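Heads up, start.cif below (mmCIF, C-alpha atoms and all ligand atoms):
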data_query
loop_
_atom_site.label_atom_id
_atom_site.label_comp_id
_atom_site.auth_asym_id
_atom_site.auth_seq_id
_atom_site.Cartn_x
_atom_site.Cartn_y
_atom_site.Cartn_z
CA MET A 1 123.01 87.32 124.54
CA ILE A 2 120.17 86.97 122.06
CA ILE A 3 120.92 87.76 118.42
CA PHE A 4 117.75 88.35 116.39
CA LEU A 5 118.04 88.03 112.62
CA ILE A 6 115.28 90.01 110.97
CA GLY A 7 114.31 90.72 107.39
CA PHE A 8 111.87 89.95 104.61
CA MET A 9 110.77 86.43 103.70
CA GLY A 10 113.49 84.79 101.64
CA SER A 11 116.35 86.91 102.97
CA GLY A 12 118.14 83.84 104.33
CA LYS A 13 117.62 84.34 108.08
CA SER A 14 117.32 80.63 108.88
CA THR A 15 120.28 79.48 106.80
CA LEU A 16 122.55 82.22 108.09
CA GLY A 17 121.24 81.83 111.63
CA LYS A 18 122.14 78.13 111.77
CA ARG A 19 125.65 78.81 110.49
CA LEU A 20 126.19 81.78 112.76
CA ALA A 21 125.04 79.83 115.82
CA ARG A 22 127.45 77.02 114.97
CA LYS A 23 130.32 79.47 114.51
CA ILE A 24 129.85 81.26 117.82
CA ASP A 25 128.62 78.22 119.74
CA TYR A 26 125.14 79.59 120.48
CA ARG A 27 121.81 77.75 120.39
CA PHE A 28 119.66 78.32 117.33
CA ILE A 29 115.90 78.86 117.23
CA ASP A 30 113.91 79.19 114.05
CA MET A 31 110.87 81.12 115.25
CA ASP A 32 108.45 79.79 112.61
CA GLN A 33 109.54 76.22 113.31
CA TYR A 34 109.23 76.74 117.06
CA LEU A 35 105.68 78.08 116.67
CA GLU A 36 104.79 75.25 114.29
CA GLU A 37 105.91 72.70 116.87
CA LYS A 38 104.04 74.50 119.64
CA GLU A 39 100.81 74.58 117.63
CA GLY A 40 101.27 71.18 115.99
CA MET A 41 100.73 72.53 112.48
CA LYS A 42 102.55 74.35 109.68
CA VAL A 43 102.49 78.16 109.56
CA SER A 44 100.36 77.98 106.41
CA GLU A 45 97.81 75.81 108.28
CA ILE A 46 97.78 78.20 111.26
CA PHE A 47 96.98 81.05 108.85
CA LYS A 48 94.23 79.00 107.18
CA GLN A 49 92.61 77.51 110.25
CA LYS A 50 93.13 80.21 112.89
CA GLY A 51 93.87 83.36 110.92
CA GLU A 52 96.84 85.72 110.67
CA MET A 53 96.08 87.58 113.91
CA TYR A 54 96.28 84.36 115.90
CA PHE A 55 99.75 83.76 114.43
CA ARG A 56 100.82 87.37 115.15
CA ASP A 57 99.72 86.89 118.73
CA MET A 58 101.84 83.74 118.99
CA GLU A 59 104.84 85.69 117.70
CA LYS A 60 104.25 88.46 120.25
CA VAL A 61 103.91 86.03 123.18
CA PHE A 62 107.07 84.19 122.05
CA LEU A 63 109.10 87.43 122.06
CA GLU A 64 107.59 88.71 125.30
CA THR A 65 108.36 85.53 127.20
CA LEU A 66 111.92 85.01 125.93
CA GLU A 67 114.52 84.65 128.68
CA THR A 68 117.44 86.99 128.13
CA ASN A 69 120.06 85.00 130.03
CA ASP A 70 120.59 82.63 127.12
CA ASN A 71 123.10 82.59 124.26
CA VAL A 72 120.89 82.09 121.25
CA VAL A 73 120.53 83.12 117.63
CA ILE A 74 116.88 83.53 116.60
CA ALA A 75 115.76 83.63 112.97
CA THR A 76 112.50 85.58 113.22
CA GLY A 77 109.55 85.38 110.81
CA GLY A 78 109.57 88.15 108.20
CA GLY A 79 106.51 89.87 109.62
CA ALA A 80 107.35 89.61 113.32
CA PRO A 81 109.22 92.95 113.63
CA CYS A 82 106.33 94.82 112.04
CA TRP A 83 103.57 94.19 114.57
CA GLY A 84 102.92 95.96 117.87
CA GLN A 85 105.99 96.66 119.97
CA ASN A 86 107.94 93.61 118.73
CA MET A 87 110.86 95.60 117.35
CA ASP A 88 111.27 97.46 120.64
CA ILE A 89 111.05 94.22 122.60
CA MET A 90 113.80 92.66 120.46
CA ASN A 91 116.02 95.73 120.71
CA ARG A 92 115.62 95.64 124.47
CA LYS A 93 116.20 91.91 124.88
CA GLY A 94 119.11 91.46 122.50
CA VAL A 95 120.87 92.63 119.36
CA THR A 96 118.88 92.94 116.15
CA VAL A 97 120.49 92.38 112.75
CA TYR A 98 118.57 93.27 109.59
CA LEU A 99 119.49 91.25 106.49
CA LYS A 100 118.70 93.85 103.87
CA MET A 101 117.99 92.68 100.32
CA SER A 102 116.71 94.27 97.15
CA PRO A 103 113.22 93.38 95.87
CA GLY A 104 114.88 91.79 92.81
CA SER A 105 117.02 89.42 94.88
CA LEU A 106 114.06 88.55 97.09
CA ALA A 107 111.86 87.84 94.07
CA ILE A 108 114.39 85.39 92.61
CA ARG A 109 114.63 83.51 95.89
CA LEU A 110 110.91 83.56 96.67
CA GLU A 111 109.82 82.31 93.26
CA LYS A 112 111.24 78.95 94.28
CA SER A 113 109.44 78.75 97.60
CA HIS A 114 106.31 80.88 97.35
CA ASN A 115 103.93 77.96 97.68
CA ILE A 116 104.91 77.22 101.26
CA ARG A 117 104.44 80.81 102.42
CA PRO A 118 100.82 81.76 103.07
CA LEU A 119 101.13 85.47 102.27
CA ILE A 120 102.49 84.87 98.77
CA GLU A 121 100.99 81.48 97.95
CA GLY A 122 100.02 81.13 94.30
CA LEU A 123 101.24 84.58 93.12
CA ASN A 124 102.59 84.66 89.58
CA PRO A 125 106.06 86.26 89.08
CA ASP A 126 104.66 89.72 88.23
CA LEU A 127 102.31 89.84 91.17
CA LEU A 128 105.02 88.43 93.43
CA ARG A 129 107.38 91.23 92.43
CA ASP A 130 104.67 93.88 93.05
CA TYR A 131 103.84 92.33 96.40
CA ILE A 132 107.50 92.33 97.50
CA GLU A 133 108.02 95.97 96.48
CA GLN A 134 104.93 97.17 98.28
CA LYS A 135 105.39 95.07 101.41
CA LEU A 136 109.09 95.89 101.72
CA HIS A 137 108.24 99.59 101.47
CA GLU A 138 105.73 99.18 104.33
CA ARG A 139 108.07 97.09 106.44
CA GLU A 140 111.41 98.84 106.05
CA PRO A 141 110.66 101.51 108.67
CA PHE A 142 110.42 98.65 111.20
CA TYR A 143 113.42 96.71 109.87
CA ASN A 144 115.49 99.89 109.87
CA LYS A 145 115.13 100.11 113.64
CA ALA A 146 117.62 97.23 113.84
CA GLN A 147 120.86 97.91 115.67
CA CYS A 148 122.91 96.38 112.83
CA ILE A 149 122.12 96.32 109.12
CA VAL A 150 123.95 94.07 106.63
CA ARG A 151 123.42 93.40 102.93
CA GLY A 152 121.87 89.96 102.81
CA GLU A 153 122.91 88.85 99.33
CA ASN A 154 126.35 87.47 100.17
CA VAL A 155 126.43 87.73 103.92
CA LYS A 156 128.60 85.29 105.87
CA PRO A 157 128.46 84.42 109.57
CA PHE A 158 131.68 86.29 110.28
CA HIS A 159 130.18 89.54 108.92
CA VAL A 160 127.46 89.30 111.53
CA SER A 161 129.67 88.14 114.39
CA SER A 162 132.14 90.96 113.75
CA LEU A 163 129.32 93.51 113.73
CA VAL A 164 127.81 92.15 116.92
CA PHE A 165 130.99 91.44 118.86
CA GLY A 166 133.31 93.89 117.11
CA ASP A 167 135.94 91.19 116.50
CA ASP A 168 137.35 89.15 113.54
C1 LIG A 201 105.78 85.96 107.19
C2 LIG A 201 107.00 85.34 107.04
C3 LIG A 201 107.20 83.91 107.30
C4 LIG A 201 106.18 83.39 108.31
C5 LIG A 201 104.80 83.74 107.89
C6 LIG A 201 104.59 85.25 107.71
C7 LIG A 201 105.67 87.41 106.88
O1 LIG A 201 108.52 83.69 107.80
O2 LIG A 201 106.44 83.89 109.61
O3 LIG A 201 104.56 83.08 106.70
O4 LIG A 201 104.70 88.06 107.30
O5 LIG A 201 106.58 87.95 106.20
P1 LIG A 201 109.86 83.74 106.87
O6 LIG A 201 110.33 85.16 106.85
O7 LIG A 201 110.80 82.85 107.60
O8 LIG A 201 109.46 83.23 105.53
#
Structure translated into structure tokens:
Amino acid sequence: MIIFLIGFMGSGKSTLGKRLARKIDYRFIDMDQYLEEKEGMKVSEIFKQKGEMYFRDMEKVFLETLETNDNVVIATGGGAPCWGQNMDIMNRKGVTVYLKMSPGSLAIRLEKSHNIRPLIEGLNPDLLRDYIEQKLHEREPFYNKAQCIVRGENVKPFHVSSLVFGDD
């Protein structure tokens, strides 16, 4: 089975994904990292040198070509569910879990790491907060198509595994 963790930048998809995969003995793929390795450059460089649409196309091809006969947890990029048919593809190929977080929690986390994320690079705290509120508003209709929704603030691997497998 494929378990897709989705949610806004900074919602903790990669950290939780690694722990969840270890707990349930699945492989783990960090989608951004996979695409960085494929392209031989950081996501921020891909955005700068090739443009956002090139990156969105890489995300789409990655999801379209995923084999479904694999046990894997995938931490997706925050924008991936919000382009084209990606959310439908993920819902068809596996189980989608949305790590839902408030704009305030996201702002606190992203202030520490905004310089490595091309869409929010260099924003001051006020602009960052505005950006998160607006973007989350635009993106939630996509995220809300997830089959499972959990609050991301204090989520633990067992919360997700019990939702997905109905055990624990
Ligand atoms: C993006 C989120 C990033 C990365 C890229 C674009 C977005 O992933 O894919 O910078 O559009 O929200 P994370 O959610 O892992 O930061």
| said: Can you tell me which residues surround Cys148 in chain A at a distance of at most 12 Å, considering only C-alpha atoms, apart from same-chain residues fewer than 4 positions away, and format the answer as JSON, numbers by chain? | reply: {"A": [3, 4, 5, 6, 7, 91, 94, 95, 96, 97, 98, 99, 100, 143, 144, 152, 159, 160, 161, 162, 163, 164, 165, 166]}
Closest-contact table, chain A side, partner ligand LIG 201 (chain A), 10 Å, counting only C-alpha atoms and all ligand atoms, as a tab-separated table:
residue	atom	partner	partner_atom	distance
A:Ile6	CA	A:LIG201	O6	8.1
A:Gly7	CA	A:LIG201	O6	6.9
A:Phe8	CA	A:LIG201	O6	5.5
A:Met9	CA	A:LIG201	O6	3.4
A:Gly10	CA	A:LIG201	O8	5.8
A:Ser11	CA	A:LIG201	O6	7.4
A:Gly12	CA	A:LIG201	O7	8.1
A:Lys13	CA	A:LIG201	O7	7.0
A:Ser14	CA	A:LIG201	O7	7.0
A:Asp30	CA	A:LIG201	O7	8.0
A:Met31	CA	A:LIG201	O2	7.7
A:Asp32	CA	A:LIG201	O2	5.5
A:Gln33	CA	A:LIG201	O7	8.8
A:Leu35	CA	A:LIG201	O2	9.2
A:Glu36	CA	A:LIG201	O2	10.0
A:Lys42	CA	A:LIG201	O3	9.4
A:Val43	CA	A:LIG201	O3	6.1
A:Ser44	CA	A:LIG201	O3	6.6
A:Ile46	CA	A:LIG201	O3	9.5
A:Phe47	CA	A:LIG201	O3	8.1
A:Glu52	CA	A:LIG201	C6	8.3
A:Phe55	CA	A:LIG201	O2	8.2
A:Arg56	CA	A:LIG201	C6	8.6
A:Glu59	CA	A:LIG201	O2	8.4
A:Ala75	CA	A:LIG201	O7	7.4
A:Thr76	CA	A:LIG201	O7	6.5
A:Gly77	CA	A:LIG201	O1	3.6
A:Gly78	CA	A:LIG201	O6	3.4
A:Gly79	CA	A:LIG201	O4	3.5
A:Ala80	CA	A:LIG201	O4	6.8
A:Pro81	CA	A:LIG201	O4	9.2
A:Cys82	CA	A:LIG201	O4	8.4
A:Trp83	CA	A:LIG201	O4	9.6
A:Leu110	CA	A:LIG201	O8	9.0
A:Ser113	CA	A:LIG201	O8	9.1
A:His114	CA	A:LIG201	O8	9.1
A:Ile116	CA	A:LIG201	O3	8.0
A:Arg117	CA	A:LIG201	O3	4.8
A:Pro118	CA	A:LIG201	O3	5.4
A:Leu119	CA	A:LIG201	O3	6.1
A:Ile120	CA	A:LIG201	O3	8.4
A:Glu121	CA	A:LIG201	O3	9.6
A:Ile132	CA	A:LIG201	O5	9.8
A:Lys135	CA	A:LIG201	O5	8.7
A:Leu136	CA	A:LIG201	O5	9.5
A:Arg139	CA	A:LIG201	O5	9.3
| Shell of 7 Å around Asp70 in chain A, all atoms listed in the file, local chain residues under 3 positions omitted, as number ranges by chain | A: 1-2, 67
| request: Using only C-alpha atoms, collect all residues at a distance of at most 9 Å from (122.8, 81.8, 120.8) as written in the file, then present them as a list in words. | output: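 Counting only C-alpha atoms, I find these residues within 9 Å of (122.8, 81.8, 120.8): Met1, Ile2, Ile3, Leu20, Ala21, Arg22, Ile24, Asp25, Tyr26, Arg27, Phe28, Ile29, Asp70, Asn71, Val72, Val73 and Ile74 of chain A.
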| message | Using Å and a single decimal, report how far CA of Lys38 in chain A sits from CA of Tyr131 in chain A. | response |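 For CA of Tyr131 in chain A relative to CA of Lys38 in chain A, the distance reads 29.3 Å.
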| field | Computed interatomic separation between CA of Gly40 in chain A and CA of Val61 in chain A (Å) | value |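 If I compute the distance from CA of Gly40 in chain A to CA of Val61 in chain A, I get 16.7 Å.
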| message | Here is a test: counting only C-alpha atoms, which residue of A:Leu66, A:Val155, A:Leu128, A:Ala146 is nearest to Ile108 in chain A? | response |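 Of A:Leu66, A:Val155, A:Leu128, A:Ala146, the one nearest Ile108 in chain A, counting only C-alpha atoms, is A:Leu128.
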| query | Which distance in Å separates CA of Arg129 in chain A and CA of Met58 in chain A, to one decimal? | reply | 28.1 Å
| Residue with smallest distance to Ile89 in chain A - pool A:Arg109, A:Arg19, A:Lys60, A:His137, counting only C-alpha atoms | A:Lys60
| query | Of the residues A:Gly104, A:Glu133, A:Lys112, A:Asp88, which is the one nearest to Gln147 in chain A, using only C-alpha atoms? | reply |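 Nearest candidate to Gln147 in chain A out of A:Gly104, A:Glu133, A:Lys112, A:Asp88: A:Asp88.
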